[in-house]
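Data block for my_file.cif (mmCIF, C-alpha atoms):
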data_coords
loop_
_atom_site.label_atom_id
_atom_site.label_comp_id
_atom_site.auth_asym_id
_atom_site.auth_seq_id
_atom_site.Cartn_x
_atom_site.Cartn_y
_atom_site.Cartn_z
CA ILE K 1445 -7.09 -4.24 -16.21
CA LEU K 1446 -10.00 -5.53 -18.31
CA VAL K 1447 -12.09 -5.96 -15.15
CA GLU K 1448 -11.32 -2.35 -14.18
CA VAL K 1449 -12.31 -1.12 -17.65
CA PHE K 1450 -15.65 -2.98 -17.47
CA PHE K 1451 -16.20 -1.55 -13.99
CA TRP K 1452 -15.64 1.97 -15.36
CA LEU K 1453 -18.22 1.32 -18.11
CA TYR K 1454 -20.70 -0.02 -15.56
CA VAL K 1455 -20.38 3.09 -13.37
CA ILE K 1456 -20.69 5.41 -16.37
CA ALA K 1457 -23.85 3.60 -17.45
CA THR K 1458 -25.52 3.50 -14.03
CA SER K 1459 -24.31 6.68 -12.27
CA ARG K 1460 -24.29 9.61 -14.67
CA ARG K 1461 -24.79 12.38 -12.12
CA LYS K 1462 -21.93 14.88 -12.14
CA ILE K 1463 -20.22 14.87 -8.73
CA GLU K 1464 -17.17 16.76 -7.54
CA LYS K 1465 -14.16 14.59 -6.74
CA LYS K 1466 -12.10 16.08 -3.92
CA TYR K 1467 -8.86 14.33 -4.88
CA GLY K 1468 -9.52 14.32 -8.61
CA THR K 1469 -6.92 16.95 -9.51
CA ILE K 1470 -4.02 15.49 -7.55
CA ILE K 1471 -4.80 11.99 -8.83
CA ALA K 1472 -4.89 13.35 -12.38
CA LEU K 1473 -1.34 14.60 -11.77
CA ALA K 1474 -0.31 10.93 -11.62
CA VAL K 1475 -1.07 10.75 -15.34
CA LEU K 1476 1.24 13.73 -15.95
CA LEU K 1477 3.98 12.02 -13.90
CA ALA K 1478 3.59 8.90 -16.04
CA VAL K 1479 3.76 10.91 -19.28
CA SER K 1480 6.80 12.94 -18.15
CA SER K 1481 8.54 9.72 -17.10
CA SER K 1482 7.89 8.21 -20.52
CA VAL K 1483 9.30 11.34 -22.17
CA MET K 1484 12.45 11.15 -20.02
CA ALA K 1485 12.90 7.48 -20.94
CA TYR K 1486 12.83 8.57 -24.59
CA VAL K 1487 15.39 11.32 -23.87
CA ASN K 1488 17.76 9.02 -21.94
CA TYR K 1489 17.38 5.70 -23.76
CA GLY K 1490 15.50 6.41 -26.99
CA GLN K 1491 12.64 4.29 -25.63
CA PRO K 1492 9.34 4.85 -27.52
CA LEU K 1493 6.79 6.89 -25.57
CA LEU K 1494 4.05 4.26 -25.75
CA MET K 1495 6.38 1.63 -24.30
CA GLY K 1496 6.89 3.84 -21.25
CA ILE K 1497 3.16 4.39 -20.79
CA ARG K 1498 2.42 0.69 -21.29
CA ALA K 1499 4.88 -0.27 -18.55
CA GLN K 1500 2.97 1.95 -16.07
CA ARG K 1501 -0.54 0.85 -17.03
CA SER K 1502 -1.19 -1.22 -13.89
CA TRP K 1503 -0.40 1.66 -11.51
CA LEU K 1504 -2.34 4.18 -13.59
CA MET K 1505 -5.45 2.03 -13.87
CA ALA K 1506 -5.33 1.22 -10.15
CA ILE K 1507 -5.13 4.83 -8.95
CA LEU K 1508 -7.64 6.10 -11.53
CA MET K 1509 -10.19 3.66 -10.08
CA TYR K 1510 -10.73 6.40 -7.50
CA PHE K 1511 -13.10 8.13 -9.93
CA PRO K 1512 -15.68 5.33 -10.44
CA LEU K 1513 -15.45 4.23 -6.79
CA SER K 1514 -16.04 7.78 -5.58
CA GLN K 1515 -18.98 8.08 -7.98
CA LEU K 1516 -20.60 4.93 -6.56
CA ILE K 1517 -20.21 6.07 -2.96
CA LYS K 1518 -21.52 9.59 -3.56
CA CYS K 1519 -24.47 8.33 -5.62
CA ARG K 1520 -25.25 6.00 -2.68
CA LYS K 1521 -25.00 2.88 -4.82
CA ILE K 1522 -22.95 1.44 -1.96
CA SER K 1523 -22.10 2.68 1.55
CA VAL K 1524 -18.73 2.68 3.29
CA PRO K 1525 -19.86 0.09 5.90
CA GLN K 1526 -21.00 -2.21 3.09
CA LEU K 1527 -17.65 -1.66 1.39
CA MET K 1528 -15.82 -2.56 4.60
CA ASN K 1529 -17.88 -5.75 5.03
CA MET K 1530 -17.06 -6.84 1.48
CA LEU K 1531 -13.39 -5.99 2.02
CA ASP K 1532 -13.32 -8.07 5.21
CA ALA K 1533 -14.72 -11.08 3.37
CA ILE K 1534 -12.28 -10.71 0.46
CA ASN K 1535 -9.32 -10.28 2.82
CA PHE K 1536 -10.24 -13.31 4.90
CA ILE K 1537 -10.53 -15.54 1.83
CA TYR K 1538 -7.28 -14.13 0.43
CA MET K 1539 -5.37 -14.75 3.68
CA ALA K 1540 -6.84 -18.25 4.04
CA ILE K 1541 -5.57 -19.17 0.55
CA MET K 1542 -2.13 -17.67 1.25
CA ILE K 1543 -1.83 -19.50 4.57
CA ALA K 1544 -2.90 -22.75 2.88
CA GLN K 1545 -0.12 -22.29 0.30
CA PHE K 1546 2.36 -21.50 3.09
CA ILE K 1547 1.42 -24.71 4.90
CA ALA K 1548 1.60 -26.75 1.67
CA GLY K 1549 5.18 -25.57 1.24
CA PRO K 1550 7.49 -24.98 -1.73
CA ASN K 1551 7.09 -28.51 -3.09
CA HIS K 1552 3.34 -28.14 -3.62
CA LEU K 1553 2.86 -24.72 -5.19
CA PHE K 1554 -0.66 -24.08 -6.46
CA LEU K 1555 -0.54 -20.25 -6.56
CA ASN K 1556 1.17 -18.22 -9.25
CA VAL K 1557 2.73 -15.62 -6.91
CA ARG K 1558 6.30 -14.49 -6.29
CA ASN K 1559 7.88 -16.81 -3.75
CA SER K 1560 11.22 -17.68 -2.25
CA ILE K 1561 12.73 -19.46 0.74
CA ARG K 1562 13.48 -17.41 3.85
CA TYR K 1563 14.37 -18.73 7.32
CA GLY K 1564 14.04 -22.27 6.02
CA SER K 1565 10.43 -22.11 4.85
CA LEU K 1566 8.30 -20.70 2.04
CA ARG K 1567 7.95 -16.93 1.70
CA LEU K 1568 5.08 -15.46 -0.37
CA ALA K 1569 4.61 -11.97 -1.79
CA ILE K 1570 1.50 -10.51 -0.15
CA ALA K 1571 -0.54 -7.51 -1.37
CA GLN K 1572 -0.97 -5.60 1.90
CA SER K 1573 -3.00 -2.50 0.98
CA PHE K 1574 -6.39 -4.20 1.35
CA LEU K 1575 -5.26 -6.02 4.47
CA CYS K 1576 -4.13 -2.81 6.17
CA ILE K 1577 -7.43 -1.02 5.50
CA SER K 1578 -9.31 -3.76 7.36
CA TYR K 1579 -6.56 -4.26 9.94
CA PHE K 1580 -6.49 -0.66 11.24
CA TYR K 1581 -10.28 -0.40 11.15
CA HIS K 1582 -10.66 -3.52 13.28
CA LEU K 1583 -7.81 -2.54 15.59
CA HIS K 1584 -9.80 0.60 16.39
CA LYS K 1585 -12.92 -1.50 17.02
CA LEU K 1586 -10.95 -3.82 19.29
CA LEU K 1587 -9.85 -0.82 21.33
CA THR K 1588 -13.32 0.73 21.59
CA GLN K 1589 -15.84 -2.13 21.71
CA LYS K 1590 -16.42 -4.95 24.18
CA LYS K 1591 -17.66 -7.69 21.86
CA CYS K 1592 -15.49 -7.84 18.78
CA PHE K 1593 -14.37 -11.42 18.10
CA LYS K 1594 -14.45 -10.73 14.35
CA SER K 1595 -12.02 -7.85 14.82
CA PHE K 1596 -9.70 -9.96 16.98
CA LEU K 1597 -9.73 -12.74 14.37
CA ILE K 1598 -8.95 -10.42 11.45
CA ILE K 1599 -6.12 -8.73 13.39
CA ALA K 1600 -4.60 -12.06 14.45
CA VAL K 1601 -4.76 -13.59 10.96
CA THR K 1602 -3.35 -10.41 9.37
CA LEU K 1603 -0.39 -10.36 11.76
CA PHE K 1604 0.28 -14.04 11.11
CA THR K 1605 0.10 -13.50 7.35
CA VAL K 1606 2.46 -10.51 7.35
CA ILE K 1607 4.98 -11.86 9.88
CA PHE K 1608 5.13 -15.57 9.02
CA VAL K 1609 3.83 -15.88 5.43
CA ASN K 1610 5.24 -12.72 3.88
CA LYS K 1611 8.24 -12.55 6.26
CA GLY K 1612 9.03 -8.99 5.19
CA ARG K 1613 11.33 -7.43 7.78
CA ALA K 1614 10.35 -3.85 6.93
CA SER K 1615 6.64 -4.57 6.39
CA THR K 1616 6.45 -6.34 9.78
CA ILE K 1617 7.94 -3.52 11.80
CA LEU K 1618 5.94 -0.95 9.78
CA LEU K 1619 2.74 -2.71 10.77
CA ILE K 1620 3.62 -3.16 14.45
CA VAL K 1621 4.95 0.37 15.14
CA PRO K 1622 1.85 2.28 13.90
CA SER K 1623 -0.32 -0.24 15.73
CA VAL K 1624 1.42 0.52 19.03
CA LEU K 1625 1.20 4.25 18.32
CA MET K 1626 -2.51 3.90 17.64
CA MET K 1627 -3.00 2.14 20.97
CA LEU K 1628 -0.99 4.77 22.83
CA SER K 1629 -2.90 7.61 21.19
CA SER K 1630 -6.20 6.49 22.69
CA ARG K 1631 -7.15 6.88 26.33
CA LEU K 1632 -5.64 4.07 28.34
CA SER K 1633 -7.81 1.48 30.06
CA LYS K 1634 -7.02 -1.92 31.53
CA ARG K 1635 -7.89 -3.59 28.25
CA LYS K 1636 -5.74 -1.18 26.24
CA LEU K 1637 -2.86 -1.55 28.65
CA ALA K 1638 -3.16 -5.31 28.27
CA LEU K 1639 -3.10 -4.96 24.48
CA ILE K 1640 -0.03 -2.71 24.63
CA GLY K 1641 1.69 -5.09 27.02
CA GLY K 1642 0.85 -8.03 24.77
CA SER K 1643 2.15 -6.17 21.73
CA ILE K 1644 5.42 -5.34 23.47
CA LEU K 1645 5.72 -8.99 24.53
CA ILE K 1646 5.14 -10.15 20.95
CA CYS K 1647 7.78 -7.67 19.74
CA ALA K 1648 10.24 -8.93 22.33
CA ILE K 1649 9.62 -12.56 21.32
CA PHE K 1650 9.93 -11.63 17.64
CA LEU K 1651 13.17 -9.68 18.10
CA SER K 1652 14.70 -12.52 20.11
CA SER K 1653 13.85 -15.07 17.41
CA SER K 1654 15.95 -15.87 14.33
CA PHE K 1655 13.62 -13.64 12.29
CA GLY K 1656 14.15 -10.74 14.68
CA THR K 1657 17.92 -11.23 14.83
CA LEU K 1658 18.19 -11.01 11.06
CA PHE K 1659 15.88 -8.00 11.06
CA LEU K 1660 18.02 -6.14 13.62
CA ASP K 1661 21.12 -7.11 11.69
CA SER K 1662 19.69 -5.54 8.56
CA ILE K 1663 18.94 -2.29 10.43
CA PHE K 1664 22.36 -1.92 12.04
CA GLY K 1665 24.35 -2.99 9.01
CA GLU K 1666 25.43 -6.41 10.23
CA THR K 1667 24.22 -7.99 6.98
CA SER K 1668 26.13 -5.65 4.70
CA THR K 1669 27.81 -8.68 3.15
CA ASP K 1670 24.43 -10.17 2.19
CA ALA K 1671 24.01 -10.17 -1.60
CA GLY K 1672 20.53 -8.59 -1.47
CA THR K 1673 21.68 -5.76 0.78
CA LEU K 1674 24.80 -5.13 -1.28
CA ILE K 1675 22.93 -4.88 -4.58
CA ARG K 1676 20.47 -2.42 -3.02
CA GLU K 1677 23.33 -0.21 -1.85
CA VAL K 1678 24.92 -0.35 -5.31
CA GLY K 1679 21.56 0.46 -6.88
CA ARG K 1680 20.91 3.47 -4.67
CA VAL K 1681 24.32 4.99 -5.42
CA PHE K 1682 23.79 4.39 -9.15
CA TYR K 1683 20.29 5.85 -9.09
CA MET K 1684 21.28 9.04 -7.28
CA ASP K 1685 24.34 9.57 -9.50
CA ARG K 1686 22.14 9.40 -12.58
CA VAL K 1687 19.36 11.57 -11.14
CA LEU K 1688 21.76 14.32 -10.03
CA SER K 1689 23.65 14.30 -13.33
CA SER K 1690 21.41 17.01 -14.82
CA PRO K 1691 18.68 19.42 -13.64
CA LEU K 1692 16.16 17.75 -15.96
CA ASN K 1693 16.87 14.31 -14.48
CA THR K 1694 16.69 15.75 -10.96
CA ILE K 1695 13.21 17.16 -11.53
CA PHE K 1696 11.65 14.52 -13.80
CA GLY K 1697 13.90 11.47 -13.31
CA CYS K 1698 15.60 9.27 -15.89
CA GLY K 1699 12.35 7.83 -17.17
CA PHE K 1700 10.25 4.74 -16.53
CA ALA K 1701 12.05 1.73 -17.92
CA ASN K 1702 10.47 -0.88 -20.14
CA ILE K 1703 13.02 -3.68 -20.14
CA ASP K 1704 11.75 -4.90 -23.53
CA TRP K 1705 13.72 -1.99 -25.03
CA PRO K 1706 17.39 -3.12 -25.29
CA ALA K 1707 18.99 0.29 -24.63
CA THR K 1708 16.84 0.73 -21.52
CA TYR K 1709 17.66 -2.75 -20.23
CA VAL K 1710 21.37 -1.93 -20.40
CA GLY K 1711 20.99 1.68 -19.23
CA ILE K 1712 19.27 0.82 -15.94
CA ARG K 1713 21.69 -2.08 -15.27
CA TYR K 1714 18.79 -4.49 -14.94
CA GLY K 1715 20.96 -7.42 -15.90
CA GLU K 1716 23.12 -6.77 -12.82
CA GLY K 1717 20.16 -7.33 -10.51
CA ILE K 1718 19.41 -3.64 -9.83
CA THR K 1719 15.62 -3.14 -9.76
CA TYR K 1720 13.67 -0.02 -8.81
CA ASN K 1721 11.02 -1.89 -6.81
CA ASP K 1722 13.73 -3.14 -4.42
CA ASN K 1723 14.88 0.37 -3.49
CA GLY K 1724 11.75 2.18 -2.32
CA ILE K 1725 11.82 5.93 -2.80
CA TYR K 1726 15.24 5.77 -4.50
CA GLY K 1727 13.73 3.73 -7.32
CA LEU K 1728 10.84 6.16 -7.71
CA ILE K 1729 13.20 9.14 -7.76
CA PHE K 1730 15.24 7.41 -10.46
CA TYR K 1731 12.15 6.90 -12.61
CA TYR K 1732 10.18 10.09 -11.83
CA GLY K 1733 12.59 12.55 -10.24
CA PHE K 1734 11.96 14.61 -7.11
CA SER K 1735 8.61 15.72 -8.55
CA MET K 1736 7.34 12.28 -7.50
CA VAL K 1737 8.57 12.86 -3.93
CA VAL K 1738 6.66 16.16 -3.77
CA TRP K 1739 3.50 14.48 -5.12
CA ILE K 1740 3.72 11.59 -2.63
CA VAL K 1741 4.36 13.78 0.43
CA VAL K 1742 1.71 16.40 -0.43
CA PHE K 1743 -0.95 13.78 -1.24
CA THR K 1744 -0.20 11.63 1.83
CA LEU K 1745 -0.19 14.60 4.24
CA TRP K 1746 -3.43 15.88 2.70
CA LEU K 1747 -5.08 12.50 3.26
CA MET K 1748 -3.73 12.31 6.82
CA HIS K 1749 -5.16 15.77 7.55
CA ASP K 1750 -8.57 14.88 6.10
CA SER K 1751 -8.58 11.52 7.84
CA TRP K 1752 -7.97 13.13 11.22
CA LYS K 1753 -10.45 15.94 10.61
CA SER K 1754 -13.32 13.76 9.33
CA GLY K 1755 -13.30 11.20 12.14
CA LYS K 1756 -11.19 8.57 10.40
CA LYS K 1757 -8.06 8.94 12.53
CA ILE K 1758 -7.50 5.21 12.17
CA TYR K 1759 -6.14 5.75 8.67
CA VAL K 1760 -3.65 8.36 9.80
CA PHE K 1761 -1.67 5.42 11.16
CA MET K 1762 -1.90 3.46 7.91
CA LEU K 1763 -0.65 6.49 5.97
CA LEU K 1764 2.07 7.06 8.58
CA ARG K 1765 3.16 3.48 7.90
CA SER K 1766 3.42 4.41 4.24
CA LEU K 1767 5.69 7.39 4.95
CA LEU K 1768 7.89 5.53 7.45
CA GLY K 1769 8.59 2.80 4.92
CA LEU K 1770 9.63 5.02 2.02
CA MET K 1771 13.30 4.06 2.23
CA THR K 1772 12.67 0.42 1.35
CA LEU K 1773 9.00 0.05 0.32
CA PHE K 1774 6.73 1.80 -2.15
CA PRO K 1775 4.12 4.11 -0.57
CA GLU K 1776 0.42 3.24 -0.62
CA CYS K 1777 -0.15 5.68 -3.50
CA TYR K 1778 2.18 3.65 -5.73
CA THR K 1779 0.60 0.21 -5.78
CA THR K 1780 -0.84 -1.80 -8.64
CA ASN K 1781 -4.05 -2.70 -6.83
CA ILE K 1782 -7.04 -0.49 -6.00
CA GLY K 1783 -6.35 -0.42 -2.26
CA PHE K 1784 -5.17 3.20 -2.29
CA ALA K 1785 -8.15 4.29 -4.42
CA LEU K 1786 -10.45 2.64 -1.86
CA LEU K 1787 -8.65 4.42 0.97
CA CYS K 1788 -9.12 7.79 -0.75
CA VAL K 1789 -12.83 7.09 -1.22
CA ILE K 1790 -13.26 6.03 2.43
CA ILE K 1791 -11.51 9.16 3.72
CA GLU K 1792 -13.44 11.37 1.28
CA SER K 1793 -16.82 10.02 2.37
CA GLY K 1794 -18.72 12.03 4.96
CA GLU K 1795 -19.26 9.11 7.33
CA ASN K 1796 -17.52 9.23 10.72
CA MET K 1797 -16.33 5.65 11.06
CA GLU K 1798 -15.27 6.11 14.67
CA SER K 1799 -18.68 7.15 15.98
CA ASP K 1800 -21.36 4.93 17.47
CA LYS K 1801 -23.60 5.69 14.48
CA ALA K 1802 -20.97 4.29 12.14
CA HIS K 1803 -20.94 1.00 14.06
CA ALA K 1804 -24.75 0.88 13.82
CA LEU K 1805 -24.48 1.41 10.06
CA GLU K 1806 -22.09 -1.51 9.81
CA ILE K 1807 -24.53 -3.80 11.56
CA HIS K 1808 -27.49 -2.44 9.50
CA PRO K 1809 -26.00 -1.31 6.15
CA GLY K 1810 -29.40 -0.22 4.87
CA ILE K 1811 -29.51 2.67 7.37
CA HIS K 1812 -28.21 5.97 5.98
CA LYS K 1813 -27.93 9.46 7.36
#

Target format structure tokens, applied to this file:
Amino acid sequence: ILVEVFFWLYVIATSRRKIEKKYGTIIALAVLLAVSSSVMAYVNYGQPLLMGIRAQRSWLMAILMYFPLSQLIKCRKISVPQLMNMLDAINFIYMAIMIAQFIAGPNHLFLNVRNSIRYGSLRLAIAQSFLCISYFYHLHKLLTQKKCFKSFLIIAVTLFTVIFVNKGRASTILLIVPSVLMMLSSRLSKRKLALIGGSILICAIFLSSSFGTLFLDSIFGETSTDAGTLIREVGRVFYMDRVLSSPLNTIFGCGFANIDWPATYVGIRYGEGITYNDNGIYGLIFYYGFSMVVWIVVFTLWLMHDSWKSGKKIYVFMLLRSLLGLMTLFPECYTTNIGFALLCVIIESGENMESDKAHALEIHPGIHK
């Protein structure tokens, strides 16, 4: 958060020109959602207002980074191709470190990240917003360009990181399905058919493996006796009962919980293992009410429309991934890193990333329109 604050101050000092922010109003509504959630936590648990705001500071700071990032892009302090090149470098280093930790195993932990054991080996929590921005961009390049070893490498390493290092059942399928849809949406050639065939083959191998078997079991209810699945089901029933208990809770939720407040800790049944971040949209509805659902859907559809219209169709598929995963995962617009703010800035920019000129700009970042 301190780094983000210093970045804000840097942008204010170096880029003072007043520029319209297309998504400024709807992003500002996130602050109102945070305030209303803090108020509802006070109403339901007696939790102090500032404790509710403090618990949401990471999300708020991350999404509000849209404003300084947009200012830099529109003042031409940095171009989108330059931003993508930097993001590629950061992602590659990040994935290399994560893979190194995965190989080192649970007995030699050198990273302070959430981890557990799944399928007999180490599982690491991976921040996927940045990875997906690069992944879908390079998937498009792989489909449209002849020489793109860099794109192939980034795609391969990203898939390995998500499937084998993160081992998230939902996140894996939500990366593969939009990828296949993206391939099918383009005009088919021999190379594209080969990519689709290879993707289907990979899916078949994955689904026939122990990972895939457990994934299918979780979809069709075979693992209903699993402790993690059971506690999620209990949590969802509890959340919806509380939300629908009054019109005020239905609209604004039961309030964002700060577990440092004793009454809140007991009221949300945190001690029983029920956590909002394990229940996707149900958890967000519990904290923010159905007003959060409206905000997420309107904002995501708006971005998908603008992405398609402005020649950035590649990010329609990333946003589609976000909507498809709502039942179990948080959407892109509710993350504690600046990935979503970057995505908004990229879509907002006037550069057509799918044109030949955009590829020329990437090779020669100094060239502008």

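Residue nearest Tyr1579 in chain K, chosen from K:Tyr1709, K:Tyr1759, K:Tyr1563, K:Trp1752 and counting all atoms listed in the file: K:Tyr1759.
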
- Hey, what comes out of the PyMOL selection byres ((chain K and resi 1472) around 12) on this file? Could you write it as a ChimeraX atom specification? /K:1465-1471,1473-1479,1504-1505,1507-1511,1739,1743

Writing out the chosen residues with C-alpha atoms as a short mmCIF file (atom, residue, chain, number, x, y, z; two decimals), in the coordinates of the input:
data_model
loop_
_atom_site.label_atom_id
_atom_site.label_comp_id
_atom_site.auth_asym_id
_atom_site.auth_seq_id
_atom_site.Cartn_x
_atom_site.Cartn_y
_atom_site.Cartn_z
CA LYS K 1465 -14.16 14.59 -6.74
CA LYS K 1466 -12.10 16.08 -3.92
CA TYR K 1467 -8.86 14.33 -4.88
CA GLY K 1468 -9.52 14.32 -8.61
CA THR K 1469 -6.92 16.95 -9.51
CA ILE K 1470 -4.02 15.49 -7.55
CA ILE K 1471 -4.80 11.99 -8.83
CA LEU K 1473 -1.34 14.60 -11.77
CA ALA K 1474 -0.31 10.93 -11.62
CA VAL K 1475 -1.07 10.75 -15.34
CA LEU K 1476 1.24 13.73 -15.95
CA LEU K 1477 3.98 12.02 -13.90
CA ALA K 1478 3.59 8.90 -16.04
CA VAL K 1479 3.76 10.91 -19.28
CA LEU K 1504 -2.34 4.18 -13.59
CA MET K 1505 -5.45 2.03 -13.87
CA ILE K 1507 -5.13 4.83 -8.95
CA LEU K 1508 -7.64 6.10 -11.53
CA MET K 1509 -10.19 3.66 -10.08
CA TYR K 1510 -10.73 6.40 -7.50
CA PHE K 1511 -13.10 8.13 -9.93
CA TRP K 1739 3.50 14.48 -5.12
CA PHE K 1743 -0.95 13.78 -1.24
#

- Report as a PyMOL selection string the full result of the PyMOL selection byres ((chain K and resi 1530-1534) around 9) when it is applied to this structure. chain K and resi 1525-1529+1535-1539+1574-1575+1577-1578+1598

- Excluding Val1557 in chain K and any residue of its chain fewer than 6 positions from it, enumerate the residues within 10 Å of it, using only C-alpha atoms, and give them as a PyMOL selection string. chain K and resi 1542+1568-1570

Could you save the residues just selected, with C-alpha atoms, as a PDB file, in the coordinates of the input?
ATOM      1  CA  MET K1542      -2.130 -17.670   1.250  1.00  0.00           C
ATOM      2  CA  LEU K1568       5.080 -15.460  -0.370  1.00  0.00           C
ATOM      3  CA  ALA K1569       4.610 -11.970  -1.790  1.00  0.00           C
ATOM      4  CA  ILE K1570       1.500 -10.510  -0.150  1.00  0.00           C
TER       5      ILE K1570
END

- Work out how far apart CA of Lys1462 in chain K and CA of Lys1753 in chain K are and give it in Å to one decimal.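 Rounded to one decimal, the two atoms are 25.5 Å apart.
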
- What is the CA of Ser1480 in chain K-CA of Ile1712 in chain K distance in Å, reported with one decimal?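 These two atoms are separated by 17.5 Å.
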
- Query: Counting all atoms listed in the file, which of K:Ser1615, K:Leu1625, K:Leu1674, K:Val1738 gets nearest to Gly1769 in chain K?
  - Reply: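 Counting all atoms listed in the file, the residue closest to Gly1769 in chain K is K:Ser1615.
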
- Item | Residues matched by the PyMOL selection byres ((chain K and resi 1717) around 10), written as a list in words |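 Applying the PyMOL selection byres ((chain K and resi 1717) around 10) to the structure shown produces Gly1672, Ile1675, Arg1676, Val1678, Gly1679, Ile1712, Arg1713, Tyr1714, Gly1715, Glu1716, Ile1718, Thr1719, Tyr1720 and Asp1722 of chain K.
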
- Task: Please indicate the distance in Å from CA of Thr1744 in chain K to CA of Ile1758 in chain K, rounded to one decimal place.
- Result: 14.2 Å
